[in-house]
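Text of target21.cif (mmCIF, C-alpha atoms) as supplied:
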data_final
#
loop_
_atom_site.label_atom_id
_atom_site.label_comp_id
_atom_site.auth_asym_id
_atom_site.auth_seq_id
_atom_site.Cartn_x
_atom_site.Cartn_y
_atom_site.Cartn_z
CA MET A 1 -30.56 11.89 -18.35
CA PHE A 2 -28.06 13.68 -16.10
CA GLU A 3 -30.87 15.01 -13.88
CA GLU A 4 -32.23 11.46 -13.50
CA LEU A 5 -28.80 10.18 -12.45
CA VAL A 6 -28.50 12.97 -9.87
CA GLN A 7 -31.98 12.15 -8.54
CA TYR A 8 -31.15 8.42 -8.29
CA ASP A 9 -27.99 9.37 -6.43
CA LYS A 10 -29.98 11.50 -3.98
CA ASP A 11 -32.55 8.72 -3.50
CA LEU A 12 -29.83 6.13 -2.84
CA PHE A 13 -28.12 8.55 -0.47
CA LEU A 14 -31.34 9.09 1.52
CA PHE A 15 -31.93 5.34 1.72
CA LEU A 16 -28.39 4.54 2.92
CA ASN A 17 -28.09 7.56 5.19
CA ASN A 18 -31.41 6.85 6.91
CA LEU A 19 -30.40 3.26 7.67
CA GLY A 20 -28.28 4.73 10.45
CA SER A 21 -29.25 4.91 14.09
CA ALA A 22 -27.93 6.77 17.12
CA PRO A 23 -26.31 3.69 18.75
CA TRP A 24 -24.06 3.27 15.66
CA ASP A 25 -23.16 6.94 15.18
CA GLY A 26 -20.09 6.81 17.42
CA PHE A 27 -18.72 3.80 15.56
CA TRP A 28 -19.01 5.50 12.15
CA LEU A 29 -17.53 8.73 13.51
CA PHE A 30 -14.57 6.66 14.71
CA VAL A 31 -14.24 4.88 11.34
CA THR A 32 -14.10 8.18 9.42
CA SER A 33 -11.62 9.80 11.84
CA LYS A 34 -8.09 10.13 10.51
CA TRP A 35 -6.79 9.07 13.93
CA SER A 36 -8.50 5.67 13.76
CA SER A 37 -6.26 4.63 10.86
CA ILE A 38 -2.95 5.37 12.58
CA PRO A 39 -2.57 1.81 13.98
CA LEU A 40 -3.15 0.41 10.48
CA TYR A 41 -0.58 2.77 8.98
CA ALA A 42 1.91 1.84 11.71
CA LEU A 43 1.35 -1.86 11.01
CA LEU A 44 1.89 -1.33 7.27
CA LEU A 45 5.08 0.59 8.00
CA VAL A 46 6.40 -2.22 10.21
CA LEU A 47 5.51 -4.87 7.61
CA CYS A 48 7.28 -2.90 4.90
CA TYR A 49 10.38 -2.33 7.01
CA LYS A 50 10.61 -6.01 8.04
CA ASN A 51 10.21 -7.20 4.45
CA TRP A 52 12.03 -4.52 2.47
CA GLY A 53 14.52 -2.83 4.77
CA TRP A 54 14.91 0.86 5.48
CA ARG A 55 15.84 2.10 1.97
CA ARG A 56 12.82 0.60 0.23
CA THR A 57 10.61 1.68 3.13
CA LEU A 58 11.83 5.28 2.86
CA LEU A 59 11.06 5.24 -0.85
CA MET A 60 7.64 3.77 -0.06
CA LEU A 61 6.95 6.57 2.46
CA LEU A 62 7.87 9.18 -0.14
CA THR A 63 5.68 7.47 -2.75
CA VAL A 64 2.70 7.24 -0.39
CA ALA A 65 3.11 10.89 0.63
CA LEU A 66 3.03 11.90 -3.04
CA LEU A 67 0.06 9.59 -3.69
CA ILE A 68 -2.01 11.09 -0.86
CA THR A 69 -1.01 14.63 -1.83
CA CYS A 70 -2.09 13.92 -5.40
CA THR A 71 -5.49 12.44 -4.42
CA ASP A 72 -6.17 15.26 -1.95
CA GLN A 73 -5.31 18.02 -4.38
CA LEU A 74 -7.24 16.38 -7.20
CA ALA A 75 -10.26 16.10 -4.88
CA ASN A 76 -9.99 19.81 -4.08
CA PHE A 77 -9.68 20.64 -7.77
CA PHE A 78 -12.85 18.68 -8.55
CA LYS A 79 -14.78 20.01 -5.55
CA TYR A 80 -14.29 23.59 -6.63
CA GLY A 81 -14.46 22.80 -10.35
CA VAL A 82 -17.67 20.74 -10.26
CA GLN A 83 -19.21 22.59 -7.27
CA ARG A 84 -21.68 19.85 -6.36
CA LEU A 85 -23.17 20.62 -2.97
CA ARG A 86 -22.65 18.16 -0.16
CA PRO A 87 -25.89 16.47 0.95
CA CYS A 88 -25.85 18.44 4.20
CA HIS A 89 -25.74 21.71 2.20
CA ASP A 90 -28.35 20.64 -0.39
CA PRO A 91 -31.59 22.55 0.36
CA THR A 92 -33.70 19.83 -1.31
CA LEU A 93 -32.59 17.36 1.41
CA THR A 94 -33.23 19.56 4.43
CA GLY A 95 -35.14 17.56 7.03
CA LEU A 96 -34.87 14.31 5.05
CA MET A 97 -31.36 13.18 6.02
CA ARG A 98 -29.31 12.49 9.12
CA LEU A 99 -26.25 14.66 9.69
CA VAL A 100 -24.22 12.81 12.30
CA LYS A 101 -21.17 15.07 12.41
CA PRO A 102 -21.38 18.34 14.33
CA SER A 103 -20.24 20.16 11.17
CA CYS A 104 -20.73 19.34 7.54
CA GLY A 105 -17.44 20.52 6.06
CA GLY A 106 -17.02 22.68 2.99
CA SER A 107 -19.92 23.43 0.69
CA TYR A 108 -18.82 21.08 -2.10
CA GLY A 109 -18.30 17.34 -2.01
CA TYR A 110 -17.51 15.92 -5.44
CA PHE A 111 -15.49 13.66 -5.07
CA SER A 112 -14.80 12.11 -1.67
CA ALA A 113 -11.15 12.53 -0.66
CA HIS A 114 -11.69 10.00 2.17
CA ALA A 115 -12.79 7.36 -0.35
CA ALA A 116 -9.97 8.21 -2.76
CA ASN A 117 -7.29 8.17 -0.07
CA SER A 118 -8.46 5.00 1.66
CA PHE A 119 -8.72 3.06 -1.61
CA ALA A 120 -5.41 4.48 -2.83
CA ILE A 121 -3.69 3.21 0.34
CA ALA A 122 -5.56 -0.11 0.29
CA PHE A 123 -4.74 -0.91 -3.32
CA PHE A 124 -1.16 0.37 -3.18
CA PHE A 125 -0.26 -1.90 -0.26
CA SER A 126 -2.39 -4.80 -1.51
CA TYR A 127 -0.55 -4.65 -4.82
CA LEU A 128 2.89 -4.51 -3.23
CA LEU A 129 2.41 -6.85 -0.26
CA ALA A 130 0.09 -9.54 -1.68
CA SER A 131 2.94 -11.94 -2.41
CA LYS A 132 4.09 -11.80 1.23
CA PHE A 133 0.72 -11.62 3.02
CA LYS A 134 -2.05 -13.66 1.45
CA TYR A 135 -5.10 -11.90 2.93
CA ILE A 136 -3.82 -8.36 3.30
CA GLY A 137 -5.69 -7.19 0.20
CA ILE A 138 -9.04 -8.45 1.51
CA PHE A 139 -8.46 -6.78 4.88
CA LEU A 140 -7.39 -3.46 3.34
CA ILE A 141 -10.27 -3.36 0.84
CA PHE A 142 -12.80 -3.99 3.63
CA TRP A 143 -11.20 -1.19 5.65
CA ALA A 144 -11.44 1.16 2.63
CA ILE A 145 -15.09 0.20 2.06
CA PHE A 146 -15.89 1.01 5.71
CA VAL A 147 -14.17 4.40 5.48
CA SER A 148 -15.94 5.18 2.21
CA TYR A 149 -19.39 4.15 3.43
CA SER A 150 -18.90 6.20 6.60
CA ARG A 151 -19.06 9.36 4.47
CA ILE A 152 -22.59 8.49 3.31
CA TYR A 153 -23.66 7.36 6.79
CA LEU A 154 -22.50 10.64 8.30
CA GLY A 155 -24.34 12.67 5.67
CA VAL A 156 -21.40 14.43 4.03
CA HIS A 157 -21.18 12.67 0.62
CA PHE A 158 -23.49 11.24 -2.00
CA PRO A 159 -22.86 7.68 -3.26
CA LEU A 160 -21.53 8.98 -6.62
CA ASP A 161 -19.05 11.18 -4.74
CA VAL A 162 -17.80 8.07 -2.97
CA ILE A 163 -17.76 5.84 -6.07
CA SER A 164 -15.87 8.51 -8.03
CA GLY A 165 -13.38 8.82 -5.18
CA ILE A 166 -12.90 5.05 -5.13
CA LEU A 167 -12.21 4.92 -8.87
CA ILE A 168 -9.77 7.82 -8.77
CA GLY A 169 -8.01 6.34 -5.74
CA LEU A 170 -7.65 3.00 -7.52
CA MET A 171 -6.28 4.58 -10.70
CA LEU A 172 -3.78 6.77 -8.87
CA SER A 173 -2.65 3.94 -6.58
CA TRP A 174 -1.98 1.71 -9.60
CA LEU A 175 0.05 4.50 -11.20
CA PHE A 176 2.05 5.18 -8.03
CA ALA A 177 2.64 1.46 -7.38
CA LYS A 178 4.08 1.20 -10.90
CA LEU A 179 6.22 4.30 -10.28
CA TYR A 180 7.45 2.79 -6.99
CA ILE A 181 8.45 -0.45 -8.75
CA PHE A 182 10.13 1.54 -11.53
CA ALA A 183 12.12 3.53 -8.95
CA LEU A 184 13.18 0.32 -7.19
CA GLN A 185 14.54 -1.05 -10.46
CA LYS A 186 16.09 2.25 -11.57
CA PHE A 187 17.99 2.77 -8.30
CA HIS A 188 18.66 -0.97 -7.70
CA LEU A 189 16.95 -0.99 -4.30
#

Could I get this structure in the form of C-alpha cells?
Amino acid sequence: MFEELVQYDKDLFLFLNNLGSAPWDGFWLFVTSKWSSIPLYALLLVLCYKNWGWRRTLLMLLTVALLITCTDQLANFFKYGVQRLRPCHDPTLTGLMRLVKPSCGGSYGYFSAHAANSFAIAFFFSYLLASKFKYIGIFLIFWAIFVSYSRIYLGVHFPLDVISGILIGLMLSWLFAKLYIFALQKFHL
C-alpha cells in the first residue's frame, strides 16, 4: 500500500513537472524566490500597523518570527528523520524530470518548508485580517498555492511533500494565531 502511494506520488510529480516549459521557468524561479515575497510582507506589515498600532504589530512580528522558525525547524526535523530523497536526487527519475534550478538543494525533501511557510503566513494573516479586508484571504491563499506549486515545477519536491507542508503550515498558523490572540487579551493590547 505504501509503495503504491509513493509510486502515485512520483507519477503525479512527473506529470506536473513535465507540464513546464522553458518560457515559464523564469516566472516560477521568481515565484519561489524568497526575495519575491518581500513586497507582500511589507504590505502586510503596513496593513497591520495602520489597523493595530505599533504594540500589536510588534507582537505580531514576534509571533510570525516564532511561527516561521517553528515550521522551518520542523521541516528540517522531518527531512532528516524521514530521509525521503528529493525528486532531483531520486535515481529512478533520472532523465524523466525537469530540474529548473541550477542546484537541487539538500538530499532530502519531506516536507516542503516553502509550502509550510507560505501557507502558515497566508492563513495567519487571513485569520487575523479577514474582518478588515474582505478578499485578503483569497489573495494570500492563491499566493501560497503558487509558491507551493513552484516547488514541484522546479523539480525539488514531490506533491506529497508539498501537501504535507501545506497541512503542517495550516495547523501551526492556526495555533500561532490563537496564541497571538491570547497574548493580546493577556497583556490588554

Pick out the closest residue to A:Ala75 from this set: A:Ile168, A:Ala42, A:Ala122, A:Ala113. Count all atoms listed in the file.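 Closest to A:Ala75, using all atoms listed in the file: A:Ala113.
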
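We find atom CA of A:Thr71 and atom CA of A:Ala144 to be spaced 14.6 Å apart.
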
Selection: 12 Å around A:Val156, only C-alpha atoms, excl. self and same-chain fewer than 4 positions, as an MDAnalysis selection string: chainID A and resid 13:14 17 29 32 84:90 93 97:115 148:152 160:162

Have a look at atom CA of A:Tyr127 and atom CA of A:Met171 and let me know their distance in Å, one decimal.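 These atoms are spaced 12.4 Å apart.
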
Skip A:Val64 itself and residues of its chain fewer than 3 positions away, then list as a PyMOL selection string all residues within 9 Å of it, counting only C-alpha atoms. chain A and resi 59-61+67-69+120-121+124+173+176

Any idea what the distance is between atom CA of A:Asp72 and atom CA of A:Ser126?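 That distance, rounded to one decimal, is 20.4 Å.
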
For this structure, which residues satisfy the selection - the PyMOL selection byres ((chain A and resi 27) around 12) - when it is evaluated on the file as given? I want them as an mmCIF file with C-alpha atoms, keeping the file's coordinate frame.
data_model
loop_
_atom_site.group_PDB
_atom_site.id
_atom_site.type_symbol
_atom_site.label_atom_id
_atom_site.label_comp_id
_atom_site.auth_asym_id
_atom_site.auth_seq_id
_atom_site.Cartn_x
_atom_site.Cartn_y
_atom_site.Cartn_z
ATOM 1 C CA GLY A 20 -28.280 4.730 10.450
ATOM 2 C CA SER A 21 -29.250 4.910 14.090
ATOM 3 C CA ALA A 22 -27.930 6.770 17.120
ATOM 4 C CA PRO A 23 -26.310 3.690 18.750
ATOM 5 C CA TRP A 24 -24.060 3.270 15.660
ATOM 6 C CA ASP A 25 -23.160 6.940 15.180
ATOM 7 C CA GLY A 26 -20.090 6.810 17.420
ATOM 8 C CA TRP A 28 -19.010 5.500 12.150
ATOM 9 C CA LEU A 29 -17.530 8.730 13.510
ATOM 10 C CA PHE A 30 -14.570 6.660 14.710
ATOM 11 C CA VAL A 31 -14.240 4.880 11.340
ATOM 12 C CA THR A 32 -14.100 8.180 9.420
ATOM 13 C CA SER A 33 -11.620 9.800 11.840
ATOM 14 C CA SER A 36 -8.500 5.670 13.760
ATOM 15 C CA VAL A 100 -24.220 12.810 12.300
ATOM 16 C CA LYS A 101 -21.170 15.070 12.410
ATOM 17 C CA PHE A 146 -15.890 1.010 5.710
ATOM 18 C CA VAL A 147 -14.170 4.400 5.480
ATOM 19 C CA SER A 150 -18.900 6.200 6.600
ATOM 20 C CA TYR A 153 -23.660 7.360 6.790
ATOM 21 C CA LEU A 154 -22.500 10.640 8.300
#

Write out as a VMD selection string the residues lying within 10 Å of A:Ala183, counting all atoms listed in the file and excluding same-chain residues fewer than 4 positions away. chain A and resid 56 59 to 60 63 177 to 179 187 to 189

From A:Ile166, A:Lys186, A:Phe133, A:Pro159, residue lying nearest A:Leu12 [all atoms listed in the file]: A:Pro159

Listed atoms of stretch 132-140 of chain A, axis-aligned box, 8 Å per side: centre and edge lengths to one decimal in Å, as AutoDock Vina command-line options?
--center_x -2.5 --center_y -8.6 --center_z 2.5 --size_x 29.1 --size_y 26.2 --size_z 20.7

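With all atoms listed in the file as the atoms that count, the minimum distance from A:Leu129 to the choices A:Cys48, A:Ala65, A:Leu43, A:Val6 is reached by A:Cys48.
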
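The shortest atom-to-atom distance to A:Asn76, with all atoms listed in the file taken into account, belongs to A:Gly165 out of A:Gly155, A:Ala130, A:Phe2, A:Gly165.
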
For each of A:Phe123, A:Trp54, A:Tyr49, A:Tyr80, take the minimum atom-to-atom distance to A:Leu167, counting only C-alpha atoms, then give the residue where this is smallest. A:Phe123

Could you model N, CA, C and O atoms for stretch 9-30 of chain A and present them as a PDB file, keeping the file's coordinate frame?
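New file selection-v3.pdb:
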ATOM      1  N   ASP A   9     -29.063   9.246  -7.417  1.00  0.00           N
ATOM      2  CA  ASP A   9     -27.990   9.370  -6.430  1.00  0.00           C
ATOM      3  C   ASP A   9     -28.532   9.921  -5.115  1.00  0.00           C
ATOM      4  O   ASP A   9     -28.189   9.429  -4.038  1.00  0.00           O
ATOM      5  N   LYS A  10     -29.377  10.927  -5.190  1.00  0.00           N
ATOM      6  CA  LYS A  10     -29.980  11.500  -3.980  1.00  0.00           C
ATOM      7  C   LYS A  10     -30.878  10.474  -3.288  1.00  0.00           C
ATOM      8  O   LYS A  10     -30.855  10.345  -2.056  1.00  0.00           O
ATOM      9  N   ASP A  11     -31.666   9.736  -4.081  1.00  0.00           N
ATOM     10  CA  ASP A  11     -32.550   8.720  -3.500  1.00  0.00           C
ATOM     11  C   ASP A  11     -31.747   7.623  -2.799  1.00  0.00           C
ATOM     12  O   ASP A  11     -32.089   7.201  -1.686  1.00  0.00           O
ATOM     13  N   LEU A  12     -30.687   7.160  -3.452  1.00  0.00           N
ATOM     14  CA  LEU A  12     -29.830   6.130  -2.840  1.00  0.00           C
ATOM     15  C   LEU A  12     -29.165   6.682  -1.583  1.00  0.00           C
ATOM     16  O   LEU A  12     -29.069   5.987  -0.566  1.00  0.00           O
ATOM     17  N   PHE A  13     -28.712   7.931  -1.647  1.00  0.00           N
ATOM     18  CA  PHE A  13     -28.120   8.550  -0.470  1.00  0.00           C
ATOM     19  C   PHE A  13     -29.106   8.559   0.697  1.00  0.00           C
ATOM     20  O   PHE A  13     -28.759   8.173   1.820  1.00  0.00           O
ATOM     21  N   LEU A  14     -30.333   9.015   0.447  1.00  0.00           N
ATOM     22  CA  LEU A  14     -31.340   9.090   1.520  1.00  0.00           C
ATOM     23  C   LEU A  14     -31.618   7.708   2.098  1.00  0.00           C
ATOM     24  O   LEU A  14     -31.745   7.553   3.320  1.00  0.00           O
ATOM     25  N   PHE A  15     -31.698   6.689   1.241  1.00  0.00           N
ATOM     26  CA  PHE A  15     -31.930   5.340   1.720  1.00  0.00           C
ATOM     27  C   PHE A  15     -30.788   4.877   2.629  1.00  0.00           C
ATOM     28  O   PHE A  15     -31.018   4.420   3.755  1.00  0.00           O
ATOM     29  N   LEU A  16     -29.549   4.999   2.139  1.00  0.00           N
ATOM     30  CA  LEU A  16     -28.390   4.540   2.920  1.00  0.00           C
ATOM     31  C   LEU A  16     -28.177   5.367   4.166  1.00  0.00           C
ATOM     32  O   LEU A  16     -27.885   4.827   5.243  1.00  0.00           O
ATOM     33  N   ASN A  17     -28.305   6.671   4.057  1.00  0.00           N
ATOM     34  CA  ASN A  17     -28.090   7.560   5.190  1.00  0.00           C
ATOM     35  C   ASN A  17     -29.117   7.312   6.298  1.00  0.00           C
ATOM     36  O   ASN A  17     -28.780   7.327   7.482  1.00  0.00           O
ATOM     37  N   ASN A  18     -30.348   7.054   5.915  1.00  0.00           N
ATOM     38  CA  ASN A  18     -31.410   6.850   6.910  1.00  0.00           C
ATOM     39  C   ASN A  18     -31.437   5.445   7.483  1.00  0.00           C
ATOM     40  O   ASN A  18     -32.252   5.156   8.363  1.00  0.00           O
ATOM     41  N   LEU A  19     -30.557   4.564   7.027  1.00  0.00           N
ATOM     42  CA  LEU A  19     -30.400   3.260   7.670  1.00  0.00           C
ATOM     43  C   LEU A  19     -29.710   3.398   9.030  1.00  0.00           C
ATOM     44  O   LEU A  19     -29.778   2.495   9.858  1.00  0.00           O
ATOM     45  N   GLY A  20     -29.040   4.514   9.219  1.00  0.00           N
ATOM     46  CA  GLY A  20     -28.280   4.730  10.450  1.00  0.00           C
ATOM     47  C   GLY A  20     -29.169   4.910  11.664  1.00  0.00           C
ATOM     48  O   GLY A  20     -30.349   5.222  11.560  1.00  0.00           O
ATOM     49  N   SER A  21     -28.547   4.704  12.820  1.00  0.00           N
ATOM     50  CA  SER A  21     -29.250   4.910  14.090  1.00  0.00           C
ATOM     51  C   SER A  21     -28.263   5.410  15.133  1.00  0.00           C
ATOM     52  O   SER A  21     -27.061   5.145  15.046  1.00  0.00           O
ATOM     53  N   ALA A  22     -28.771   6.126  16.105  1.00  0.00           N
ATOM     54  CA  ALA A  22     -27.930   6.770  17.120  1.00  0.00           C
ATOM     55  C   ALA A  22     -26.932   5.817  17.790  1.00  0.00           C
ATOM     56  O   ALA A  22     -25.784   6.214  18.027  1.00  0.00           O
ATOM     57  N   PRO A  23     -27.300   4.566  18.111  1.00  0.00           N
ATOM     58  CA  PRO A  23     -26.310   3.690  18.750  1.00  0.00           C
ATOM     59  C   PRO A  23     -25.072   3.413  17.887  1.00  0.00           C
ATOM     60  O   PRO A  23     -24.017   3.082  18.411  1.00  0.00           O
ATOM     61  N   TRP A  24     -25.175   3.531  16.561  1.00  0.00           N
ATOM     62  CA  TRP A  24     -24.060   3.270  15.660  1.00  0.00           C
ATOM     63  C   TRP A  24     -23.285   4.530  15.282  1.00  0.00           C
ATOM     64  O   TRP A  24     -22.210   4.440  14.669  1.00  0.00           O
ATOM     65  N   ASP A  25     -23.796   5.691  15.609  1.00  0.00           N
ATOM     66  CA  ASP A  25     -23.160   6.940  15.180  1.00  0.00           C
ATOM     67  C   ASP A  25     -21.712   7.061  15.642  1.00  0.00           C
ATOM     68  O   ASP A  25     -20.837   7.457  14.876  1.00  0.00           O
ATOM     69  N   GLY A  26     -21.444   6.720  16.885  1.00  0.00           N
ATOM     70  CA  GLY A  26     -20.090   6.810  17.420  1.00  0.00           C
ATOM     71  C   GLY A  26     -19.116   5.916  16.673  1.00  0.00           C
ATOM     72  O   GLY A  26     -17.968   6.303  16.406  1.00  0.00           O
ATOM     73  N   PHE A  27     -19.572   4.718  16.316  1.00  0.00           N
ATOM     74  CA  PHE A  27     -18.720   3.800  15.560  1.00  0.00           C
ATOM     75  C   PHE A  27     -18.326   4.398  14.226  1.00  0.00           C
ATOM     76  O   PHE A  27     -17.151   4.379  13.850  1.00  0.00           O
ATOM     77  N   TRP A  28     -19.289   4.950  13.482  1.00  0.00           N
ATOM     78  CA  TRP A  28     -19.010   5.500  12.150  1.00  0.00           C
ATOM     79  C   TRP A  28     -18.207   6.790  12.242  1.00  0.00           C
ATOM     80  O   TRP A  28     -17.405   7.087  11.354  1.00  0.00           O
ATOM     81  N   LEU A  29     -18.391   7.555  13.302  1.00  0.00           N
ATOM     82  CA  LEU A  29     -17.530   8.730  13.510  1.00  0.00           C
ATOM     83  C   LEU A  29     -16.084   8.304  13.743  1.00  0.00           C
ATOM     84  O   LEU A  29     -15.150   8.944  13.265  1.00  0.00           O
ATOM     85  N   PHE A  30     -15.907   7.206  14.479  1.00  0.00           N
ATOM     86  CA  PHE A  30     -14.570   6.660  14.710  1.00  0.00           C
ATOM     87  C   PHE A  30     -13.957   6.169  13.399  1.00  0.00           C
ATOM     88  O   PHE A  30     -12.789   6.441  13.115  1.00  0.00           O
TER      89      PHE A  30
END
